[in-house]
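Enquirer: Below you'll find my_file15.cif; it's mmCIF, C-alpha atoms and all ligand atoms.
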data_protein
#
loop_
_atom_site.group_PDB
_atom_site.id
_atom_site.type_symbol
_atom_site.label_atom_id
_atom_site.label_comp_id
_atom_site.auth_asym_id
_atom_site.auth_seq_id
_atom_site.Cartn_x
_atom_site.Cartn_y
_atom_site.Cartn_z
ATOM 1 C CA MET A 1 37.706 104.721 91.959
ATOM 2 C CA LEU A 2 41.407 103.951 92.426
ATOM 3 C CA THR A 3 42.577 101.070 90.273
ATOM 4 C CA PHE A 4 45.798 99.378 89.260
ATOM 5 C CA ASP A 5 46.649 97.941 85.854
ATOM 6 C CA SER A 6 49.016 95.039 86.514
ATOM 7 C CA HIS A 7 49.876 94.431 82.839
ATOM 8 C CA CYS A 8 49.982 96.968 80.014
ATOM 9 C CA HIS A 9 52.227 98.220 77.228
ATOM 10 C CA PRO A 10 52.071 102.049 77.100
ATOM 11 C CA GLN A 11 55.533 102.003 75.471
ATOM 12 C CA PHE A 12 54.102 100.427 72.289
ATOM 13 C CA PRO A 13 53.953 102.406 69.012
ATOM 14 C CA GLN A 14 50.135 102.535 69.222
ATOM 15 C CA TYR A 15 50.664 105.429 71.690
ATOM 16 C CA ASP A 16 53.363 107.295 69.782
ATOM 17 C CA ALA A 17 50.997 110.152 68.928
ATOM 18 C CA ASP A 18 49.596 110.745 72.436
ATOM 19 C CA ARG A 19 51.589 108.682 74.968
ATOM 20 C CA GLU A 20 52.156 111.408 77.550
ATOM 21 C CA GLU A 21 48.532 112.510 77.362
ATOM 22 C CA VAL A 22 47.273 108.952 77.933
ATOM 23 C CA ILE A 23 49.691 108.381 80.819
ATOM 24 C CA LYS A 24 48.855 111.703 82.460
ATOM 25 C CA ARG A 25 45.108 111.164 82.442
ATOM 26 C CA THR A 26 45.591 107.612 83.721
ATOM 27 C CA LEU A 27 47.746 108.632 86.687
ATOM 28 C CA ALA A 28 45.599 111.693 87.388
ATOM 29 C CA ALA A 29 42.556 109.425 87.691
ATOM 30 C CA GLY A 30 44.365 107.304 90.280
ATOM 31 C CA CYS A 31 45.302 104.336 88.145
ATOM 32 C CA GLY A 32 48.819 102.922 88.532
ATOM 33 C CA MET A 33 50.505 100.744 85.930
ATOM 34 C CA ILE A 34 52.972 97.944 85.415
ATOM 35 C CA CYS A 35 54.547 98.543 82.017
ATOM 36 C CA VAL A 36 55.510 95.111 80.717
ATOM 37 C CA GLY A 37 58.483 94.463 78.440
ATOM 38 C CA THR A 38 58.063 92.151 75.449
ATOM 39 C CA ASP A 39 61.582 92.219 73.980
ATOM 40 C CA LEU A 40 64.849 94.009 74.724
ATOM 41 C CA GLU A 41 63.862 97.329 73.156
ATOM 42 C CA MET A 42 60.378 97.343 74.730
ATOM 43 C CA SER A 43 61.870 96.416 78.117
ATOM 44 C CA LYS A 44 64.232 99.394 77.921
ATOM 45 C CA LYS A 45 61.334 101.663 76.970
ATOM 46 C CA ALA A 46 59.303 100.290 79.895
ATOM 47 C CA ILE A 47 62.114 101.301 82.253
ATOM 48 C CA GLU A 48 62.255 104.774 80.701
ATOM 49 C CA LEU A 49 58.553 105.318 81.409
ATOM 50 C CA ALA A 50 58.929 103.992 84.949
ATOM 51 C CA GLU A 51 61.836 106.367 85.576
ATOM 52 C CA LYS A 52 59.777 109.285 84.338
ATOM 53 C CA HIS A 53 56.525 108.633 86.226
ATOM 54 C CA GLU A 54 55.936 107.878 89.878
ATOM 55 C CA GLY A 55 52.898 105.629 89.361
ATOM 56 C CA ILE A 56 54.521 103.413 86.729
ATOM 57 C CA TRP A 57 56.744 100.387 87.336
ATOM 58 C CA ALA A 58 58.392 98.139 84.743
ATOM 59 C CA THR A 59 59.068 94.505 84.014
ATOM 60 C CA VAL A 60 61.724 93.172 81.659
ATOM 61 C CA GLY A 61 61.329 90.090 79.532
ATOM 62 C CA CYS A 62 60.672 88.657 76.135
ATOM 63 C CA HIS A 63 57.391 87.361 74.754
ATOM 64 C CA PRO A 64 57.666 83.669 73.815
ATOM 65 C CA ASN A 65 57.070 84.366 70.121
ATOM 66 C CA GLU A 66 59.916 86.876 70.157
ATOM 67 C CA SER A 67 62.183 84.715 72.305
ATOM 68 C CA ILE A 68 62.733 82.168 69.528
ATOM 69 C CA LYS A 69 64.727 84.801 67.676
ATOM 70 C CA GLU A 70 68.203 85.587 69.003
ATOM 71 C CA LEU A 71 68.241 86.409 72.690
ATOM 72 C CA GLN A 72 70.991 87.002 75.251
ATOM 73 C CA ILE A 73 69.692 86.472 78.755
ATOM 74 C CA THR A 74 72.630 88.544 80.066
ATOM 75 C CA ASP A 75 71.082 91.657 78.451
ATOM 76 C CA TYR A 76 68.001 91.157 80.607
ATOM 77 C CA GLU A 77 70.032 90.341 83.729
ATOM 78 C CA GLU A 78 71.499 93.839 83.566
ATOM 79 C CA LEU A 79 68.098 95.522 83.105
ATOM 80 C CA ALA A 80 66.544 93.421 85.882
ATOM 81 C CA LYS A 81 68.744 95.142 88.474
ATOM 82 C CA HIS A 82 67.001 98.494 87.965
ATOM 83 C CA PRO A 83 65.124 99.532 91.138
ATOM 84 C CA LYS A 84 61.881 100.238 89.252
ATOM 85 C CA VAL A 85 61.922 96.822 87.605
ATOM 86 C CA VAL A 86 59.516 94.839 89.762
ATOM 87 C CA GLY A 87 59.005 91.695 87.697
ATOM 88 C CA ILE A 88 60.504 89.402 85.071
ATOM 89 C CA GLY A 89 58.462 88.932 81.912
ATOM 90 C CA GLU A 90 56.602 88.610 79.918
ATOM 91 C CA THR A 91 57.937 85.162 79.402
ATOM 92 C CA GLY A 92 56.290 81.828 78.795
ATOM 93 C CA LEU A 93 55.001 79.526 76.101
ATOM 94 C CA ASP A 94 52.815 80.268 73.094
ATOM 95 C CA TYR A 95 52.109 77.234 70.936
ATOM 96 C CA TYR A 96 49.197 78.953 69.204
ATOM 97 C CA ARG A 97 51.497 81.054 67.064
ATOM 98 C CA THR A 98 54.420 78.608 67.255
ATOM 99 C CA PRO A 99 53.242 75.140 66.230
ATOM 100 C CA GLU A 100 56.737 73.870 65.288
ATOM 101 C CA LYS A 101 58.076 71.404 67.872
ATOM 102 C CA GLU A 102 61.658 72.589 67.517
ATOM 103 C CA LYS A 103 60.713 76.209 68.197
ATOM 104 C CA GLN A 104 58.579 75.139 71.156
ATOM 105 C CA GLU A 105 61.671 73.495 72.670
ATOM 106 C CA LYS A 106 63.504 76.800 72.227
ATOM 107 C CA GLN A 107 60.646 78.653 73.978
ATOM 108 C CA LYS A 108 60.871 76.225 76.904
ATOM 109 C CA GLU A 109 64.618 76.719 77.212
ATOM 110 C CA ILE A 110 64.316 80.540 77.248
ATOM 111 C CA PHE A 111 61.347 80.361 79.634
ATOM 112 C CA ARG A 112 63.424 78.357 82.132
ATOM 113 C CA GLN A 113 66.195 80.974 81.891
ATOM 114 C CA PHE A 114 63.752 83.766 82.714
ATOM 115 C CA LEU A 115 62.285 81.777 85.616
ATOM 116 C CA ALA A 116 65.806 81.351 86.989
ATOM 117 C CA LEU A 117 66.317 85.117 86.659
ATOM 118 C CA ALA A 118 63.076 85.726 88.580
ATOM 119 C CA VAL A 119 64.252 83.481 91.404
ATOM 120 C CA GLU A 120 67.719 85.027 91.423
ATOM 121 C CA THR A 121 66.444 88.632 91.521
ATOM 122 C CA LYS A 122 63.543 87.742 93.885
ATOM 123 C CA LYS A 123 61.171 89.450 91.436
ATOM 124 C CA PRO A 124 57.959 87.674 90.371
ATOM 125 C CA ALA A 125 57.505 86.201 86.897
ATOM 126 C CA VAL A 126 54.912 87.627 84.510
ATOM 127 C CA ILE A 127 53.837 84.568 82.565
ATOM 128 C CA HIS A 128 52.214 84.320 79.152
ATOM 129 C CA CYS A 129 50.651 80.981 78.234
ATOM 130 C CA ARG A 130 48.644 80.118 75.161
ATOM 131 C CA ASP A 131 47.765 76.585 74.049
ATOM 132 C CA ALA A 132 50.597 75.194 76.162
ATOM 133 C CA TYR A 133 49.098 74.544 79.599
ATOM 134 C CA GLU A 134 50.396 71.006 80.030
ATOM 135 C CA ASP A 135 54.038 71.916 79.373
ATOM 136 C CA MET A 136 53.609 75.137 81.364
ATOM 137 C CA ILE A 137 52.429 73.340 84.504
ATOM 138 C CA ASP A 138 55.144 70.735 84.105
ATOM 139 C CA ILE A 139 57.868 73.415 83.928
ATOM 140 C CA LEU A 140 56.434 75.409 86.850
ATOM 141 C CA LYS A 141 56.275 72.274 89.022
ATOM 142 C CA ASN A 142 59.982 71.702 88.419
ATOM 143 C CA ASN A 143 60.927 75.391 88.647
ATOM 144 C CA PRO A 144 58.864 76.859 91.476
ATOM 145 C CA VAL A 145 58.565 80.636 91.263
ATOM 146 C CA ALA A 146 56.380 83.506 92.452
ATOM 147 C CA GLY A 147 54.382 84.595 89.430
ATOM 148 C CA VAL A 148 51.195 85.585 87.684
ATOM 149 C CA VAL A 149 49.562 83.818 84.756
ATOM 150 C CA HIS A 150 48.592 86.915 82.847
ATOM 151 C CA SER A 151 45.514 87.054 80.590
ATOM 152 C CA PHE A 152 44.203 83.901 82.215
ATOM 153 C CA THR A 153 41.302 82.362 80.301
ATOM 154 C CA GLY A 154 41.080 78.837 81.653
ATOM 155 C CA ASP A 155 38.282 77.174 83.578
ATOM 156 C CA PHE A 156 38.092 76.791 87.352
ATOM 157 C CA ASN A 157 39.813 73.410 87.248
ATOM 158 C CA LEU A 158 42.853 74.808 85.427
ATOM 159 C CA ALA A 159 42.843 77.877 87.704
ATOM 160 C CA GLY A 160 43.111 75.494 90.650
ATOM 161 C CA LYS A 161 46.285 73.941 89.240
ATOM 162 C CA PHE A 162 47.988 77.336 89.030
ATOM 163 C CA LEU A 163 46.668 78.419 92.434
ATOM 164 C CA ASP A 164 48.070 75.191 93.938
ATOM 165 C CA LEU A 165 51.480 76.197 92.573
ATOM 166 C CA GLY A 166 51.141 79.513 94.450
ATOM 167 C CA LEU A 167 50.550 81.602 91.348
ATOM 168 C CA PHE A 168 48.266 84.580 90.849
ATOM 169 C CA LEU A 169 45.811 84.878 87.964
ATOM 170 C CA GLY A 170 45.699 87.976 85.759
ATOM 171 C CA LEU A 171 42.203 88.762 84.465
ATOM 172 C CA ASN A 172 41.503 91.241 81.689
ATOM 173 C CA GLY A 173 38.893 92.437 79.172
ATOM 174 C CA ILE A 174 38.382 88.917 77.816
ATOM 175 C CA ILE A 175 36.092 88.184 80.768
ATOM 176 C CA THR A 176 33.774 90.968 79.580
ATOM 177 C CA PHE A 177 33.370 89.398 76.100
ATOM 178 C CA THR A 178 31.466 86.291 77.171
ATOM 179 C CA ASP A 179 29.944 84.486 80.142
ATOM 180 C CA GLU A 180 32.212 81.508 79.453
ATOM 181 C CA TYR A 181 34.555 82.424 82.336
ATOM 182 C CA ASP A 182 31.922 83.422 84.904
ATOM 183 C CA ASN A 183 32.212 80.223 86.912
ATOM 184 C CA MET A 184 35.990 80.552 87.202
ATOM 185 C CA VAL A 185 35.770 84.291 88.000
ATOM 186 C CA ALA A 186 33.121 83.649 90.658
ATOM 187 C CA ASN A 187 35.122 80.964 92.438
ATOM 188 C CA VAL A 188 38.824 81.846 92.451
ATOM 189 C CA PRO A 189 39.939 83.563 95.675
ATOM 190 C CA LEU A 190 39.860 87.360 95.291
ATOM 191 C CA ASP A 191 43.216 87.694 97.042
ATOM 192 C CA ARG A 192 44.881 85.754 94.202
ATOM 193 C CA ILE A 193 43.541 87.878 91.342
ATOM 194 C CA LEU A 194 45.391 90.694 89.584
ATOM 195 C CA ILE A 195 43.448 92.838 87.127
ATOM 196 C CA GLU A 196 45.019 94.089 83.924
ATOM 197 C CA THR A 197 44.241 95.535 80.508
ATOM 198 C CA ASP A 198 47.046 94.180 78.269
ATOM 199 C CA ALA A 199 46.587 97.550 76.530
ATOM 200 C CA PRO A 200 46.757 98.433 73.659
ATOM 201 C CA TYR A 201 45.045 95.067 73.059
ATOM 202 C CA LEU A 202 41.866 93.447 74.395
ATOM 203 C CA ALA A 203 39.820 96.516 75.303
ATOM 204 C CA PRO A 204 36.927 95.457 77.545
ATOM 205 C CA VAL A 205 33.267 96.009 76.730
ATOM 206 C CA PRO A 206 32.100 98.788 76.056
ATOM 207 C CA TYR A 207 35.338 99.627 74.198
ATOM 208 C CA ARG A 208 35.867 96.221 72.626
ATOM 209 C CA GLY A 209 37.739 96.506 69.328
ATOM 210 C CA LYS A 210 39.120 99.975 70.118
ATOM 211 C CA ARG A 211 42.620 100.809 71.329
ATOM 212 C CA ASN A 212 42.758 99.812 74.967
ATOM 213 C CA GLU A 213 44.244 101.898 77.791
ATOM 214 C CA SER A 214 44.927 101.350 81.467
ATOM 215 C CA LEU A 215 41.964 103.378 82.700
ATOM 216 C CA TYR A 216 39.641 100.740 81.225
ATOM 217 C CA VAL A 217 40.833 98.293 83.879
ATOM 218 C CA GLU A 218 37.868 99.702 85.772
ATOM 219 C CA PHE A 219 35.541 97.710 83.482
ATOM 220 C CA VAL A 220 37.384 94.519 84.375
ATOM 221 C CA ALA A 221 36.897 95.297 88.078
ATOM 222 C CA GLN A 222 33.228 96.024 87.440
ATOM 223 C CA ARG A 223 32.714 92.760 85.602
ATOM 224 C CA ILE A 224 34.344 90.740 88.402
ATOM 225 C CA ALA A 225 32.189 92.601 90.937
ATOM 226 C CA GLU A 226 29.038 91.873 88.955
ATOM 227 C CA ILE A 227 29.845 88.159 88.680
ATOM 228 C CA ARG A 228 30.682 87.901 92.388
ATOM 229 C CA SER A 229 27.871 90.214 93.580
ATOM 230 C CA VAL A 230 30.173 92.551 95.487
ATOM 231 C CA PRO A 231 30.742 96.328 95.126
ATOM 232 C CA PRO A 232 33.263 97.259 92.361
ATOM 233 C CA GLU A 233 35.210 99.340 94.907
ATOM 234 C CA GLU A 234 35.861 96.197 96.916
ATOM 235 C CA VAL A 235 37.333 94.430 93.874
ATOM 236 C CA ALA A 236 39.402 97.520 93.046
ATOM 237 C CA ARG A 237 40.681 97.885 96.608
ATOM 238 C CA GLN A 238 41.585 94.207 97.004
ATOM 239 C CA THR A 239 43.315 93.950 93.612
ATOM 240 C CA ILE A 240 45.411 97.047 94.371
ATOM 241 C CA LYS A 241 46.475 95.376 97.627
ATOM 242 C CA ASN A 242 47.252 92.188 95.715
ATOM 243 C CA ALA A 243 49.391 94.067 93.199
ATOM 244 C CA GLU A 244 51.265 95.906 95.966
ATOM 245 C CA LYS A 245 52.051 92.653 97.704
ATOM 246 C CA PHE A 246 52.828 90.759 94.516
ATOM 247 C CA PHE A 247 55.218 93.340 93.040
ATOM 248 C CA GLY A 248 56.506 94.597 96.397
ATOM 249 C CA ILE A 249 55.491 98.203 95.702
ATOM 250 C CA ASP A 250 53.750 100.981 97.542
ATOM 251 C CA PHE A 251 51.109 102.433 95.260
ATOM 252 C CA HIS A 252 49.958 105.902 96.086
ATOM 253 C CA ILE A 253 49.559 108.808 93.755
ATOM 254 C CA SER A 254 49.547 112.237 95.260
HETATM 255 ZN ZN ZN B 301 51.000 91.696 77.329
#
Translate the structure of the given file into structure tokens.
Expert:
Amino acid sequence: MLTFDSHCHPQFPQYDADREEVIKRTLAAGCGMICVGTDLEMSKKAIELAEKHEGIWATVGCHPNESIKELQITDYEELAKHPKVVGIGETGLDYYRTPEKEKQEKQKEIFRQFLALAVETKKPAVIHCRDAYEDMIDILKNNPVAGVVHSFTGDFNLAGKFLDLGLFLGLNGIITFTDEYDNMVANVPLDRILIETDAPYLAPVPYRGKRNESLYVEFVAQRIAEIRSVPPEEVARQTIKNAEKFFGIDFHIS
């Protein structure tokens, strides 16, 4: 089954011992990847992997918890011009790990800068949001952008708010952990879903707790298929199409 992992971090140190092996078996099995940057160094490494492999593309950005340290948006503006950079992020708000009001204001400021960069480069935003939905929706209403809310774990009502803003929803292994999200997964339009692993984190059942890798995105597709009572191949096919359209890429591995 061909699949596409719309959000992963194969550049992370968790793969230092066997990175090329993992990437090779992933691409050989017909699974493409978007390697997502989380700070300046990880964004540069994402580009390196995308340059090296045909089925890998990169995004450049800074995770909200990292963005409250020193950050020069101009550094990212340069990287964003690279032809294999197909998105801006991750960027967003994370109040779970940043409860301090002052630092949250800083996150918002940096987030707006990255959204502006997404608009300017005409590349979609890869958005991280944790415990900050109200502020997130407020900012997105005032700064309209093409984007995906990655690792989405809200209910159907919250999904609707993001869908109304034109955003895609990124679903990952979390939906295999519990039936809590079944109603949302069953009811959001399939043409607005991207599937992802967020590897090395959040490995889906049956690998929960282990190091995750892009190939396991298949279990996310299977879970969506099971909830919606459709064949897994249909979910895989549609989400590949969605990713191609969303990131403006042509995914084929020879
Ligand atoms: Zn991530």
Enquirer: Any idea what's packed within 8 Å of A:Gly61, counting all atoms listed in the file, ignoring anything in its chain fewer than 6 positions away? Could you give it as JSON, numbers by chain?
Expert: {"A": [36, 37, 38, 39, 40, 43, 76, 88, 89, 90, 91, 114]}
Enquirer: Restricting the calculation to only C-alpha atoms and all ligand atoms, which member of A:Glu233, A:Asp155, A:Asp198, A:Glu51 is positioned closest to ligand ZN 301 (chain B)?
Expert: A:Asp198
Enquirer: With 10 Å as the cut-off and only C-alpha atoms and all ligand atoms counted, what is the closest atom pair between each nearby residue of chain A and ligand ZN 301 (chain B)? Distances in Å to one decimal, ordered by chain and number, as a Markdown table.
Expert:
| residue | atom | partner | partner_atom | distance |
| --- | --- | --- | --- | --- |
| A:Ser6 | CA | B:ZN301 | ZN | 10.0 |
| A:His7 | CA | B:ZN301 | ZN | 6.3 |
| A:Cys8 | CA | B:ZN301 | ZN | 6.0 |
| A:His9 | CA | B:ZN301 | ZN | 6.6 |
| A:Cys35 | CA | B:ZN301 | ZN | 9.0 |
| A:Val36 | CA | B:ZN301 | ZN | 6.6 |
| A:Gly37 | CA | B:ZN301 | ZN | 8.1 |
| A:Thr38 | CA | B:ZN301 | ZN | 7.3 |
| A:His63 | CA | B:ZN301 | ZN | 8.1 |
| A:Gly89 | CA | B:ZN301 | ZN | 9.2 |
| A:Glu90 | CA | B:ZN301 | ZN | 6.9 |
| A:Thr91 | CA | B:ZN301 | ZN | 9.8 |
| A:Val126 | CA | B:ZN301 | ZN | 9.1 |
| A:Ile127 | CA | B:ZN301 | ZN | 9.3 |
| A:His128 | CA | B:ZN301 | ZN | 7.7 |
| A:His150 | CA | B:ZN301 | ZN | 7.7 |
| A:Ser151 | CA | B:ZN301 | ZN | 7.9 |
| A:Glu196 | CA | B:ZN301 | ZN | 9.2 |
| A:Thr197 | CA | B:ZN301 | ZN | 8.4 |
| A:Asp198 | CA | B:ZN301 | ZN | 4.8 |
| A:Ala199 | CA | B:ZN301 | ZN | 7.4 |
| A:Pro200 | CA | B:ZN301 | ZN | 8.8 |
| A:Tyr201 | CA | B:ZN301 | ZN | 8.1 |
| A:Leu202 | CA | B:ZN301 | ZN | 9.8 |
Enquirer: Could you write out as a ChimeraX atom specification the residues that the PyMOL selection byres (((chain A and resi 46) around 8) and not hetatm) matches in the shown file?
Expert: /A:9-11,35-37,42-45,47-50,57-60
Enquirer: Counting all atoms listed in the file, which residues of stretch 13-112 of chain A fall within 9 Å of stretch 138-144 of chain A, and what is the closest atom pair for each with its distance in Å at one decimal, ordered by chain and rising number, as a Markdown table?
Expert:
| residue | atom | partner | partner_atom | distance |
| --- | --- | --- | --- | --- |
| A:Lys108 | CA | A:Ile139 | CA | 8.1 |
| A:Phe111 | CA | A:Ile139 | CA | 8.9 |
| A:Arg112 | CA | A:Asn143 | CA | 7.6 |
Enquirer: Quick one: of A:Gln104, A:Gln72, A:Asn157, A:Thr26, who's nearest to A:Tyr216, counting all atoms listed in the file?
Expert: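 Among the listed residues, the smallest separation from A:Tyr216 belongs to A:Thr26.
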Enquirer: Return as JSON the centre and edge lengths, in Å with one decimal, of the box along x, y and z that encloses every atom of stretch 176-179 of chain A in the file, padded by 5 Å per side.
Expert:
{"center_x": 31.9, "center_y": 87.7, "center_z": 78.1, "size_x": 13.8, "size_y": 16.5, "size_z": 14.0}
Enquirer: Take the PyMOL selection byres (((chain A and resi 184-186) around 8) and not hetatm), apply it to the structure above, and return the hits as a list of chain:residue names.
Expert: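 Selected by the PyMOL selection byres (((chain A and resi 184-186) around 8) and not hetatm) in this file: A:Gly154, A:Asp155, A:Phe156, A:Ala159, A:Tyr181, A:Asp182, A:Asn183, A:Asn187, A:Val188, A:Ile224, A:Ile227, A:Arg228.
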